[in-house]
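What's in data_5.txt: compact mmCIF, C-alpha atoms and all ligand atoms
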# COMPACT_ATOMS: atom_id res chain seq x y z
CA MET W 1 -40.24 3.77 -52.52
CA THR W 2 -42.27 5.72 -55.04
CA ALA W 3 -44.24 8.58 -53.57
CA ILE W 4 -47.83 9.46 -54.36
CA ALA W 5 -47.85 12.91 -56.03
CA SER W 6 -51.58 13.51 -56.31
CA VAL W 7 -54.99 11.93 -55.64
CA LYS W 8 -57.85 13.32 -57.70
CA GLY W 9 -61.54 12.49 -57.74
CA ARG W 10 -63.80 12.71 -60.77
CA ARG W 11 -67.54 12.19 -61.22
CA VAL W 12 -68.27 9.48 -63.82
CA TRP W 13 -71.44 7.43 -64.53
CA ASP W 14 -72.28 3.78 -63.95
CA SER W 15 -74.19 1.13 -65.92
CA ARG W 16 -77.53 2.29 -64.48
CA GLY W 17 -76.77 5.90 -65.48
CA HIS W 18 -76.14 6.99 -61.89
CA PRO W 19 -73.15 9.11 -60.89
CA THR W 20 -70.20 7.42 -59.22
CA VAL W 21 -66.66 8.17 -58.04
CA GLU W 22 -63.50 7.69 -60.07
CA VAL W 23 -60.14 8.29 -58.40
CA GLU W 24 -56.87 8.90 -60.20
CA VAL W 25 -53.60 8.48 -58.33
CA THR W 26 -50.48 9.95 -59.96
CA LEU W 27 -46.99 9.10 -58.72
CA GLU W 28 -43.82 11.17 -58.67
CA THR W 29 -42.55 8.95 -61.50
CA GLY W 30 -45.54 9.94 -63.64
CA ALA W 31 -47.20 6.50 -63.36
CA VAL W 32 -51.00 6.71 -63.03
CA GLY W 33 -53.60 4.39 -61.47
CA ARG W 34 -57.31 4.81 -61.81
CA ALA W 35 -60.37 3.01 -60.40
CA ILE W 36 -64.15 3.51 -60.26
CA ALA W 37 -66.51 2.64 -57.39
CA PRO W 38 -69.33 0.20 -58.29
CA ALA W 39 -72.77 0.33 -56.61
CA GLY W 40 -75.02 -2.39 -55.24
CA ALA W 41 -78.83 -2.47 -55.24
CA SER W 42 -79.39 -5.45 -52.96
CA ARG W 43 -77.10 -4.25 -50.21
CA GLY W 44 -76.24 -5.80 -46.89
CA THR W 45 -76.99 -3.59 -43.90
CA ARG W 46 -73.46 -4.13 -42.56
CA GLU W 47 -71.56 -3.13 -45.70
CA ALA W 48 -69.67 0.14 -46.23
CA ILE W 49 -72.05 2.98 -47.08
CA ASP W 50 -71.92 4.85 -50.41
CA LEU W 51 -71.95 8.54 -49.55
CA ARG W 52 -74.62 10.23 -51.70
CA ASP W 53 -75.75 13.85 -51.72
CA GLY W 54 -79.47 13.20 -51.24
CA GLY W 55 -82.06 15.79 -52.28
CA THR W 56 -83.89 15.69 -55.59
CA ALA W 57 -81.14 16.27 -58.15
CA LEU W 58 -79.78 13.12 -59.80
CA ARG W 59 -82.35 11.16 -57.78
CA GLY W 60 -80.40 11.93 -54.63
CA LYS W 61 -77.44 9.94 -55.94
CA GLY W 62 -75.00 12.82 -56.49
CA VAL W 63 -71.43 12.18 -55.34
CA ALA W 64 -70.22 15.72 -54.63
CA ARG W 65 -69.75 14.91 -50.94
CA ALA W 66 -67.83 11.70 -51.71
CA LEU W 67 -65.60 13.63 -54.14
CA ALA W 68 -65.02 16.25 -51.44
CA SER W 69 -63.85 13.43 -49.13
CA VAL W 70 -61.25 12.50 -51.73
CA THR W 71 -60.06 16.06 -52.35
CA ASP W 72 -60.26 17.56 -48.88
CA THR W 73 -59.50 14.66 -46.55
CA ILE W 74 -58.01 11.60 -48.27
CA ALA W 75 -55.63 13.30 -50.75
CA PRO W 76 -53.74 15.45 -48.20
CA ALA W 77 -53.17 12.35 -46.02
CA LEU W 78 -51.84 10.22 -48.89
CA VAL W 79 -49.66 12.59 -50.90
CA GLY W 80 -46.00 11.82 -50.24
CA ARG W 81 -46.68 8.26 -49.05
CA ASP W 82 -45.12 5.14 -50.58
CA VAL W 83 -47.51 3.71 -53.18
CA THR W 84 -46.24 0.16 -52.64
CA ASP W 85 -47.40 0.22 -49.01
CA GLN W 86 -51.03 -0.68 -49.77
CA ALA W 87 -51.72 -1.74 -46.18
CA GLY W 88 -50.26 1.50 -44.83
CA ALA W 89 -52.25 3.65 -47.23
CA ASP W 90 -55.47 1.78 -46.41
CA ALA W 91 -54.76 2.10 -42.68
CA THR W 92 -54.37 5.85 -43.19
CA ILE W 93 -57.74 6.00 -44.94
CA LEU W 94 -59.32 3.96 -42.12
CA GLY W 95 -57.80 6.35 -39.59
CA LEU W 96 -59.64 9.21 -41.26
CA ASP W 97 -63.03 7.57 -40.80
CA THR W 98 -63.64 5.70 -37.58
CA SER W 99 -67.38 5.24 -38.20
CA PRO W 100 -68.29 1.53 -38.45
CA LEU W 101 -69.59 1.71 -42.04
CA LYS W 102 -67.33 4.42 -43.49
CA GLU W 103 -70.22 6.85 -43.64
CA THR W 104 -67.99 9.86 -42.94
CA LEU W 105 -65.79 9.56 -46.03
CA GLY W 106 -68.10 7.24 -47.98
CA GLY W 107 -67.21 3.69 -49.01
CA ASN W 108 -67.44 4.87 -52.63
CA ALA W 109 -64.63 7.38 -51.98
CA THR W 110 -62.46 4.90 -50.06
CA VAL W 111 -62.82 1.96 -52.45
CA ALA W 112 -62.01 3.99 -55.57
CA THR W 113 -58.95 5.47 -53.83
CA SER W 114 -57.71 2.17 -52.45
CA LEU W 115 -58.01 0.41 -55.81
CA ALA W 116 -56.43 3.36 -57.66
CA ILE W 117 -53.37 3.07 -55.37
CA LEU W 118 -53.07 -0.62 -56.26
CA HIS W 119 -53.32 0.24 -59.97
CA ALA W 120 -50.70 3.00 -59.63
CA ALA W 121 -48.26 0.65 -57.90
CA ALA W 122 -48.73 -1.90 -60.69
CA ALA W 123 -48.25 0.76 -63.37
CA ASP W 124 -45.08 1.95 -61.64
CA ALA W 125 -43.75 -1.61 -61.57
CA ARG W 126 -44.73 -1.89 -65.28
CA GLN W 127 -46.78 -4.95 -64.50
CA PRO W 128 -50.35 -5.96 -65.21
CA LEU W 129 -52.41 -5.56 -62.06
CA TRP W 130 -52.99 -9.30 -61.62
CA ARG W 131 -49.25 -9.95 -61.59
CA HIS W 132 -48.63 -7.10 -59.15
CA VAL W 133 -51.33 -8.51 -56.85
CA ALA W 134 -49.74 -11.96 -56.93
CA ASN W 135 -46.27 -10.54 -56.21
CA HIS W 136 -47.50 -8.23 -53.50
CA TYR W 137 -49.57 -10.81 -51.61
CA GLY W 138 -47.41 -13.87 -52.39
CA THR W 139 -50.25 -15.71 -54.13
CA THR W 140 -50.25 -18.03 -57.14
CA PRO W 141 -52.31 -16.56 -59.98
CA SER W 142 -54.93 -18.64 -61.78
CA LEU W 143 -57.92 -17.99 -64.01
CA PRO W 144 -61.12 -18.11 -61.94
CA LEU W 145 -64.20 -20.26 -62.43
CA PRO W 146 -66.94 -17.85 -63.60
CA GLU W 147 -70.48 -17.67 -62.27
CA ILE W 148 -72.62 -16.20 -65.07
CA GLN W 149 -76.19 -14.99 -64.82
CA ILE W 150 -78.80 -16.23 -67.30
CA PHE W 151 -81.95 -14.79 -65.64
CA GLY W 152 -81.98 -11.71 -63.42
CA GLY W 153 -84.66 -11.22 -60.78
CA GLY W 154 -85.26 -9.64 -57.40
CA ALA W 155 -84.10 -6.06 -56.94
CA HIS W 156 -82.41 -6.15 -60.37
CA ALA W 157 -85.53 -6.82 -62.42
CA GLY W 158 -88.52 -5.08 -60.90
CA ARG W 159 -89.00 -8.08 -58.57
CA ARG W 160 -90.78 -10.08 -61.32
CA VAL W 161 -89.29 -13.17 -59.73
CA ASP W 162 -88.26 -13.16 -56.06
CA ILE W 163 -84.95 -14.99 -56.49
CA GLN W 164 -82.23 -12.63 -57.69
CA ASP W 165 -79.71 -14.55 -59.80
CA PHE W 166 -80.19 -17.73 -61.82
CA MET W 167 -76.68 -18.52 -63.03
CA ILE W 168 -74.60 -21.24 -64.60
CA MET W 169 -71.06 -22.38 -63.92
CA VAL W 170 -69.03 -24.61 -66.21
CA PRO W 171 -66.76 -26.51 -63.82
CA GLY W 172 -66.34 -29.23 -66.44
CA ALA W 173 -64.63 -26.88 -68.89
CA THR W 174 -60.90 -27.21 -69.39
CA THR W 175 -60.24 -23.58 -70.35
CA PHE W 176 -61.69 -20.16 -69.54
CA ASP W 177 -62.39 -19.71 -73.24
CA GLU W 178 -64.50 -22.86 -73.23
CA VAL W 179 -66.62 -21.41 -70.39
CA MET W 180 -67.38 -18.37 -72.55
CA GLU W 181 -68.37 -20.54 -75.49
CA VAL W 182 -70.69 -22.78 -73.48
CA THR W 183 -72.25 -19.75 -71.77
CA ASN W 184 -73.01 -18.12 -75.11
CA GLU W 185 -74.92 -21.25 -76.19
CA VAL W 186 -76.89 -21.52 -72.92
CA TYR W 187 -77.67 -17.79 -72.73
CA PHE W 188 -79.17 -17.64 -76.22
CA ALA W 189 -80.95 -20.98 -75.82
CA ALA W 190 -82.66 -19.55 -72.72
CA GLY W 191 -83.65 -16.41 -74.63
CA ASP W 192 -85.07 -18.48 -77.50
CA ILE W 193 -87.19 -20.60 -75.14
CA MET W 194 -88.53 -17.54 -73.34
CA ALA W 195 -89.30 -15.60 -76.52
CA ARG W 196 -91.17 -18.61 -77.93
CA ARG W 197 -93.30 -18.85 -74.78
CA GLY W 198 -93.93 -15.13 -74.40
CA LYS W 199 -91.98 -15.08 -71.12
CA LEU W 200 -89.38 -12.51 -72.09
CA ALA W 201 -89.92 -9.17 -70.34
CA GLY W 202 -86.57 -7.58 -71.26
CA VAL W 203 -83.03 -7.52 -69.95
CA ALA W 204 -82.28 -7.14 -66.22
CA ASP W 205 -79.69 -4.85 -64.57
CA GLU W 206 -76.77 -7.21 -65.03
CA GLY W 207 -77.58 -8.20 -68.61
CA GLY W 208 -79.46 -11.45 -67.89
CA TRP W 209 -82.88 -12.14 -69.34
CA TRP W 210 -85.68 -10.49 -67.40
CA PRO W 211 -88.33 -13.17 -67.16
CA SER W 212 -92.07 -13.05 -66.61
CA PHE W 213 -92.36 -16.51 -65.07
CA ASP W 214 -95.36 -17.63 -63.00
CA SER W 215 -93.23 -19.15 -60.25
CA ASN W 216 -89.63 -19.07 -59.08
CA GLU W 217 -89.28 -22.74 -59.90
CA GLU W 218 -90.29 -22.09 -63.51
CA ALA W 219 -86.98 -20.26 -63.84
CA LEU W 220 -85.12 -23.38 -62.71
CA GLU W 221 -87.08 -25.60 -65.09
CA THR W 222 -86.40 -23.22 -67.97
CA LEU W 223 -82.71 -23.04 -67.11
CA VAL W 224 -82.43 -26.83 -67.19
CA GLU W 225 -84.20 -26.82 -70.58
CA ALA W 226 -81.86 -24.14 -71.88
CA ILE W 227 -78.79 -26.13 -70.82
CA SER W 228 -80.22 -29.15 -72.67
CA LEU W 229 -81.14 -27.12 -75.75
CA ALA W 230 -77.53 -25.90 -75.81
CA GLY W 231 -76.50 -29.54 -76.26
CA GLU W 232 -75.34 -30.08 -72.69
CA THR W 233 -76.41 -32.60 -70.07
CA PRO W 234 -77.48 -30.51 -67.03
CA GLY W 235 -75.21 -31.30 -64.11
CA ASP W 236 -72.48 -32.69 -66.32
CA ARG W 237 -70.18 -29.99 -67.72
CA VAL W 238 -72.63 -27.22 -66.75
CA ILE W 239 -74.24 -26.73 -63.34
CA ILE W 240 -76.69 -24.25 -61.84
CA SER W 241 -75.80 -21.60 -59.30
CA LEU W 242 -78.29 -19.39 -57.45
CA ASP W 243 -78.19 -16.13 -55.53
CA ILE W 244 -81.37 -16.26 -53.46
CA ALA W 245 -80.60 -12.80 -51.95
CA ALA W 246 -83.12 -13.73 -49.23
CA SER W 247 -82.59 -10.50 -47.26
CA GLU W 248 -84.51 -8.80 -50.07
CA PHE W 249 -87.74 -10.70 -49.32
CA GLY W 250 -87.40 -11.61 -45.67
CA LYS W 251 -86.79 -10.07 -42.29
CA GLN W 252 -86.32 -11.75 -38.90
CA GLY W 253 -86.97 -15.24 -40.14
CA ARG W 254 -90.21 -14.43 -42.05
CA TYR W 255 -90.03 -14.63 -45.83
CA ARG W 256 -92.53 -13.60 -48.48
CA LEU W 257 -92.35 -14.82 -52.08
CA ALA W 258 -94.48 -12.14 -53.76
CA LEU W 259 -94.64 -13.91 -57.14
CA GLU W 260 -96.28 -16.94 -55.58
CA ASP W 261 -98.12 -15.00 -52.86
CA ARG W 262 -96.52 -17.30 -50.28
CA GLU W 263 -95.26 -16.56 -46.79
CA MET W 264 -92.96 -18.86 -44.93
CA ASP W 265 -90.73 -19.06 -41.90
CA SER W 266 -87.03 -19.82 -41.99
CA GLY W 267 -87.52 -23.57 -41.63
CA GLN W 268 -89.96 -23.66 -44.54
CA LEU W 269 -87.58 -21.65 -46.73
CA VAL W 270 -84.74 -24.03 -45.86
CA ASP W 271 -87.03 -26.98 -46.72
CA MET W 272 -88.12 -25.41 -50.03
CA LEU W 273 -84.52 -24.75 -51.09
CA GLY W 274 -83.50 -28.24 -49.96
CA GLY W 275 -86.18 -29.56 -52.33
CA TRP W 276 -84.68 -27.54 -55.19
CA LEU W 277 -81.23 -28.94 -54.43
CA LYS W 278 -82.68 -32.44 -54.82
CA SER W 279 -84.54 -31.71 -58.06
CA TYR W 280 -82.04 -29.58 -59.97
CA PRO W 281 -78.27 -29.74 -60.54
CA ILE W 282 -77.51 -26.79 -58.23
CA ALA W 283 -73.91 -26.73 -57.02
CA SER W 284 -73.75 -23.28 -55.46
CA ILE W 285 -76.24 -21.15 -53.55
CA GLU W 286 -75.76 -17.62 -52.16
CA ASP W 287 -77.60 -16.00 -49.25
CA PRO W 288 -80.20 -18.81 -48.98
CA VAL W 289 -81.58 -17.06 -45.88
CA GLY W 290 -81.53 -13.46 -44.72
CA GLU W 291 -78.58 -11.58 -43.24
CA ASP W 292 -80.42 -11.51 -39.88
CA ASP W 293 -81.14 -15.25 -39.76
CA PRO W 294 -78.03 -16.97 -38.33
CA GLU W 295 -80.03 -19.98 -37.12
CA GLY W 296 -81.42 -20.49 -40.63
CA MET W 297 -77.95 -20.22 -42.17
CA ALA W 298 -76.45 -22.69 -39.69
CA GLU W 299 -79.33 -25.11 -40.28
CA PHE W 300 -79.06 -24.83 -44.06
CA THR W 301 -75.28 -25.37 -43.84
CA ARG W 302 -75.68 -28.34 -41.48
CA ARG W 303 -78.03 -30.01 -43.94
CA HIS W 304 -76.34 -29.14 -47.23
CA GLY W 305 -72.83 -27.83 -46.56
CA ALA W 306 -71.19 -31.10 -47.63
CA ASP W 307 -73.03 -31.14 -50.95
CA VAL W 308 -73.23 -27.58 -52.15
CA GLN W 309 -71.27 -24.34 -52.00
CA ILE W 310 -73.07 -21.95 -49.63
CA ILE W 311 -71.93 -18.37 -50.16
CA GLY W 312 -72.44 -15.53 -47.70
CA ASP W 313 -72.87 -12.18 -49.44
CA ASP W 314 -75.19 -9.84 -47.50
CA TYR W 315 -74.59 -12.35 -44.71
CA LEU W 316 -70.79 -11.80 -44.53
CA VAL W 317 -70.31 -8.42 -46.33
CA THR W 318 -66.63 -9.09 -47.15
CA ASN W 319 -65.74 -8.88 -43.45
CA ALA W 320 -62.94 -11.11 -42.11
CA ARG W 321 -64.36 -11.16 -38.59
CA LEU W 322 -67.80 -12.23 -39.83
CA VAL W 323 -66.16 -15.02 -41.87
CA GLU W 324 -64.38 -16.26 -38.73
CA GLU W 325 -67.61 -16.11 -36.72
CA ALA W 326 -69.58 -17.91 -39.44
CA ALA W 327 -66.95 -20.65 -39.63
CA ALA W 328 -67.13 -21.08 -35.84
CA ALA W 329 -70.94 -21.22 -35.99
CA GLY W 330 -70.98 -23.68 -38.90
CA ALA W 331 -72.69 -21.17 -41.18
CA CYS W 332 -71.74 -20.91 -44.92
CA ASN W 333 -68.72 -22.52 -46.55
CA ALA W 334 -67.79 -19.69 -48.94
CA VAL W 335 -67.74 -15.91 -49.02
CA LEU W 336 -68.45 -13.35 -51.72
CA ILE W 337 -65.66 -10.77 -51.97
CA LYS W 338 -66.93 -7.33 -53.00
CA VAL W 339 -64.22 -4.72 -52.51
CA ASN W 340 -66.77 -1.94 -52.04
CA GLN W 341 -68.56 -3.84 -49.26
CA ALA W 342 -65.33 -3.72 -47.28
CA GLY W 343 -64.25 -0.31 -48.57
CA THR W 344 -60.52 -0.99 -49.05
CA VAL W 345 -58.29 -3.49 -50.85
CA THR W 346 -56.54 -4.48 -47.61
CA GLU W 347 -59.77 -5.41 -45.81
CA SER W 348 -60.91 -7.38 -48.87
CA VAL W 349 -57.65 -9.33 -49.03
CA GLN W 350 -57.90 -9.96 -45.27
CA THR W 351 -61.34 -11.46 -45.89
CA PHE W 352 -59.91 -13.58 -48.71
CA GLU W 353 -57.20 -14.81 -46.32
CA ALA W 354 -59.71 -15.46 -43.53
CA ALA W 355 -61.70 -17.55 -46.00
CA ALA W 356 -58.67 -19.65 -46.93
CA LYS W 357 -57.91 -20.20 -43.24
CA ALA W 358 -61.48 -21.26 -42.52
CA GLY W 359 -61.53 -23.62 -45.51
CA PHE W 360 -64.12 -21.38 -47.18
CA GLY W 361 -64.30 -20.77 -50.92
CA ALA W 362 -63.97 -17.18 -52.17
CA VAL W 363 -65.91 -15.64 -55.04
CA VAL W 364 -64.75 -12.18 -56.12
CA SER W 365 -67.84 -10.31 -57.27
CA ALA W 366 -69.04 -7.30 -59.21
CA ARG W 367 -72.00 -5.18 -58.10
CA SER W 368 -75.24 -4.74 -60.01
CA GLY W 369 -74.17 -1.17 -60.79
CA GLU W 370 -70.84 -1.42 -62.65
CA THR W 371 -68.57 0.36 -65.12
CA GLU W 372 -65.71 -0.37 -67.50
CA ASP W 373 -63.45 -0.87 -64.44
CA VAL W 374 -61.92 -4.36 -64.60
CA SER W 375 -60.09 -4.40 -61.25
CA ILE W 376 -62.01 -7.44 -60.00
CA SER W 377 -60.86 -9.60 -62.93
CA HIS W 378 -57.28 -8.79 -61.92
CA LEU W 379 -57.87 -9.33 -58.21
CA SER W 380 -59.54 -12.67 -58.68
CA THR W 381 -56.82 -13.88 -61.06
CA GLY W 382 -53.94 -12.46 -59.03
CA LEU W 383 -55.14 -13.88 -55.71
CA GLY W 384 -55.76 -17.22 -57.44
CA GLY W 385 -57.72 -20.37 -56.71
CA GLY W 386 -61.05 -18.70 -56.93
CA GLN W 387 -64.25 -17.83 -58.63
CA LEU W 388 -65.53 -14.70 -60.33
CA LYS W 389 -69.12 -13.42 -60.41
CA VAL W 390 -69.70 -10.53 -62.79
CA GLY W 391 -73.34 -10.70 -63.89
CA SER W 392 -74.49 -11.92 -67.25
CA PHE W 393 -73.12 -12.46 -70.74
CA THR W 394 -74.17 -9.19 -72.38
CA ARG W 395 -73.47 -5.48 -71.78
CA SER W 396 -69.97 -4.11 -71.86
CA GLU W 397 -69.60 -3.41 -68.13
CA ARG W 398 -69.93 -7.22 -67.73
CA MET W 399 -68.17 -8.41 -70.89
CA ALA W 400 -65.17 -6.14 -70.22
CA LYS W 401 -64.45 -8.23 -67.13
CA TRP W 402 -64.78 -11.59 -68.90
CA ASN W 403 -62.77 -10.33 -71.88
CA GLU W 404 -60.00 -9.09 -69.57
CA CYS W 405 -59.62 -12.65 -68.24
CA LEU W 406 -59.18 -13.88 -71.84
CA ARG W 407 -56.19 -11.54 -72.11
CA PHE W 408 -54.71 -13.05 -68.92
CA GLN W 409 -55.25 -16.47 -70.48
CA ASP W 410 -52.79 -15.46 -73.24
CA ASP W 411 -50.14 -14.62 -70.60
CA LEU W 412 -50.80 -17.37 -68.09
CA GLY W 413 -51.64 -20.14 -70.54
CA ALA W 414 -54.95 -21.94 -70.86
CA GLY W 415 -53.80 -24.43 -68.22
CA ALA W 416 -54.05 -21.71 -65.55
CA PHE W 417 -57.86 -22.11 -65.48
CA VAL W 418 -58.97 -23.57 -62.11
CA GLY W 419 -61.91 -25.50 -63.60
CA GLY W 420 -64.03 -27.30 -61.01
CA ALA W 421 -61.35 -27.15 -58.29
CA PRO W 422 -63.15 -24.51 -56.17
CA LEU W 423 -66.13 -26.87 -55.93
CA ALA W 424 -64.05 -29.97 -55.23
CA ALA W 425 -65.07 -30.09 -51.56
CA THR W 426 -68.77 -30.14 -52.41
CA TRP W 427 -71.04 -31.13 -55.29
CA TRP W 428 -68.47 -31.26 -58.06
CA GLY W 429 -66.01 -33.33 -56.06
CA ARG W 430 -68.71 -35.83 -55.13
CA LYS W 431 -69.96 -36.01 -58.69
CA ASN W 432 -66.48 -36.76 -59.99
CA LYS W 433 -65.97 -39.47 -57.39
CA GLU W 434 -69.33 -41.03 -58.28
CA ASP W 435 -68.53 -40.83 -62.00
CA ALA W 436 -65.17 -42.50 -61.42
CA ALA W 437 -66.69 -45.31 -59.30
C1 LIG U 501 -75.30 -9.65 -55.35
C2 LIG U 501 -74.96 -8.47 -56.24
C3 LIG U 501 -74.52 -8.89 -57.61
P1 LIG U 501 -75.87 -6.07 -55.72
O1 LIG U 501 -76.27 -9.63 -54.60
O2 LIG U 501 -74.54 -10.61 -55.32
O3 LIG U 501 -75.46 -9.76 -58.23
O4 LIG U 501 -76.03 -7.56 -56.32
O5 LIG U 501 -74.64 -5.49 -56.32
O6 LIG U 501 -77.12 -5.35 -56.13
O7 LIG U 501 -75.75 -6.23 -54.24
MG MG U 502 -75.69 -11.58 -53.59

Show this structure as structure tokens.
Ligand code: 2PG
Ligand code: MG
Amino acid sequence: MTAIASVKGRRVWDSRGHPTVEVEVTLETGAVGRAIAPAGASRGTREAIDLRDGGTALRGKGVARALASVTDTIAPALVGRDVTDQAGADATILGLDTSPLKETLGGNATVATSLAILHAAAADARQPLWRHVANHYGTTPSLPLPEIQIFGGGAHAGRRVDIQDFMIMVPGATTFDEVMEVTNEVYFAAGDIMARRGKLAGVADEGGWWPSFDSNEEALETLVEAISLAGETPGDRVIISLDIAASEFGKQGRYRLALEDREMDSGQLVDMLGGWLKSYPIASIEDPVGEDDPEGMAEFTRRHGADVQIIGDDYLVTNARLVEEAAAAGACNAVLIKVNQAGTVTESVQTFEAAAKAGFGAVVSARSGETEDVSISHLSTGLGGGQLKVGSFTRSERMAKWNECLRFQDDLGAGAFVGGAPLAATWWGRKNKEDAA
């Protein structure tokens, strides 16, 4: 056992320039672990709450109260405890805040602390975090399949397009490095096309191009063109992945696409997206309907669950119980894992395990507000068999996470890349069977 000697909070700043919480855990051996809370903009209503100070200063986003949670409540309960007992430490934190969404301590305070404990344990064992995660949870590490944003929309880009993330995946790559190379070509091809057509409005929150398209489908058409311009056959080595983030433009089964001045009910949205799945090489789709539309999600999954990865983000909020319920209801076939939605490492890993049990895929994900913290690259690699969503292919809070995986590649070997395996049960598996026939 190595005891925790101190737990300290510090105010630092995220990629949007807002304050956030960093926690530093120091052990009796002198080993140190540090982690920073990220922040979402398109948040699920059932995810852990970031505790903010409110008022007018710092746009109400001050974190003095969250830092006070760390100093006054969390630290005294953790000092002296064994750092290798992650589950015990997280249970202690949970015991200090019995509110359903961690609003007493703040999910920003709990997630930074929980991750910092994991980092400290790894540092004490003189191991990279990914290896410590694999040892601790008995998993087989592998390099994840990335999901990388090319266009940003929705709440991350002034709502110029309604759909939030237009991404690519490269399941046909044989190494992680190859994914980076292909993404570079597609990203800049997309920028060239948009600049030529006067459709480039800037760069969105996660580093993707901020488009001024006339319709949501124009983004899909342009993405297909960009993949071709990059010398690829769309749907071959490179496929499209979408985060519809439908909770952002719909409530109670009514959806409004502002860009196209169109209103629709759940059935019409499901039909529209089904049409896109037919017309474009889309292999993964996140939150196709709103978090409060279980009938829509079950219907979408019934129609398309065998052909496409259907990820619950706002819909499942990294909650193991919600994953079990969704599996029982035939809704979704994959879950997004955001540690700050759950609020602790243990709850996130429980969700990862619930996903495996349910036969769901698992995509470890960043938030739209990020920092230099690269914990999620380690978690995704250490837990293995998965996918990693970080945002786009520019800006250091994103690139730090991709670059960290390249370092793991040196240790694990290029062969540790999972490639298209996470999509083997859906589109990619079918495509490969058809190609082989
Ligand atoms: C999402 C994330 C990342 P946010 O919806 O998947 O793209 O966005 O962090 O704003 O919730
Ligand atoms: Mg999402």

*Select the residues contacting ligand MG 502 (chain U) at a distance of at most 7 Å, based on only C-alpha atoms and all ligand atoms, then format the selection as an MDAnalysis selection string.*
chainID W and resid 243 245 286:287 313:314

*What's the 8 Å shell around region 66-73 of chain W, counting all atoms listed in the file, without same-chain residues fewer than 6 positions away, as a list of chain:residue names?*
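Here the qualifying residues turn out to be W:Val7, W:Lys8, W:Gly9, W:Arg10, W:Arg11, W:Val21, W:Val23, W:Leu51, W:Arg52, W:Leu96, W:Leu105, W:Gly106, W:Asn108, W:Ala109, W:Thr110, W:Thr113.
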
*Which residue out of W:Asp90, W:Glu28, W:Asp97, W:Glu147 has the minimum interatomic distance to ligand LIG 501 (chain U) when all atoms listed in the file are used?*
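Of W:Asp90, W:Glu28, W:Asp97, W:Glu147, the one nearest ligand LIG 501 (chain U) is W:Glu147, counting all atoms listed in the file.
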
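The space between CA of Ser368 (chain W) and CA of Ser396 (chain W) spans 13.0 Å.
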
*Within 8 Å of ligand LIG 501 (chain U), which residues show up when you count all atoms listed in the file? List them as a VMD selection string, please.*
chain W and resid 39 to 44 155 to 156 164 to 165 206 243 245 286 313 to 314 336 365 to 369 389 to 391

*Surrounding residues of Gly382 (chain W) excluding itself and chain neighbours under 5 positions, 7 Å, all atoms listed in the file, as a PyMOL selection string*: chain W and resi 130-131+133-134+139-142

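With all atoms listed in the file as the atoms that count, the residue of W:Ala328, W:Ala400, W:Val374, W:Ala437 with the shortest distance to Phe360 (chain W) is W:Ala328.
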
*asked:* Using only C-alpha atoms, which protein or nucleic acid residues come within 9 Å of Ile376 (chain W)? Drop anything in the same chain fewer than 3 positions from it, and give the result as a VMD selection string.
replied: chain W and resid 338 to 339 364 to 366 373 379 to 381 388 390 401

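CA of Ala120 (chain W) is positioned 20.0 Å from CA of Thr20 (chain W).
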
_For region 256-262 of chain W, find every residue with an atom within 8 Å (counting all atoms listed in the file), except residues of its own chain fewer than 2 positions away, and show them as a list in words._
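Residues meeting the cut-off are Arg160, Val161, Asp162, Asp214, Ser215, Asn216, Phe249, Gly250, Arg254 and Met264 of chain W.
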
*Counting all atoms listed in the file, select every polymer residue within 6 Å of (-81.1, -9.8, -46.2) as defined in the file's coordinates, and provide the selection as a ChimeraX atom specification.*
/W:246-248,290-291

Let me see the file: selected residues, C-alpha atoms, as a CSV table (one decimal), in the coordinates of the input.
chain,number,residue,atom,x,y,z
W,246,ALA,CA,-83.1,-13.7,-49.2
W,247,SER,CA,-82.6,-10.5,-47.3
W,248,GLU,CA,-84.5,-8.8,-50.1
W,290,GLY,CA,-81.5,-13.5,-44.7
W,291,GLU,CA,-78.6,-11.6,-43.2

*asked:* So that I can check the surroundings of Leu58 (chain W), please list as a PyMOL selection string every protein, DNA and RNA residue that reaches within 10 Å of it, counting only C-alpha atoms and ignoring chain neighbours fewer than 3 positions away.
replied: chain W and resi 17-19+53-55+61-63

Could the residues in this selection be saved with C-alpha atoms as a short mmCIF file (atom, residue, chain, number, x, y, z; two decimals), keeping the file's coordinate frame?
data_model
loop_
_atom_site.label_atom_id
_atom_site.label_comp_id
_atom_site.auth_asym_id
_atom_site.auth_seq_id
_atom_site.Cartn_x
_atom_site.Cartn_y
_atom_site.Cartn_z
CA GLY W 17 -76.77 5.90 -65.48
CA HIS W 18 -76.14 6.99 -61.89
CA PRO W 19 -73.15 9.11 -60.89
CA ASP W 53 -75.75 13.85 -51.72
CA GLY W 54 -79.47 13.20 -51.24
CA GLY W 55 -82.06 15.79 -52.28
CA LYS W 61 -77.44 9.94 -55.94
CA GLY W 62 -75.00 12.82 -56.49
CA VAL W 63 -71.43 12.18 -55.34
#
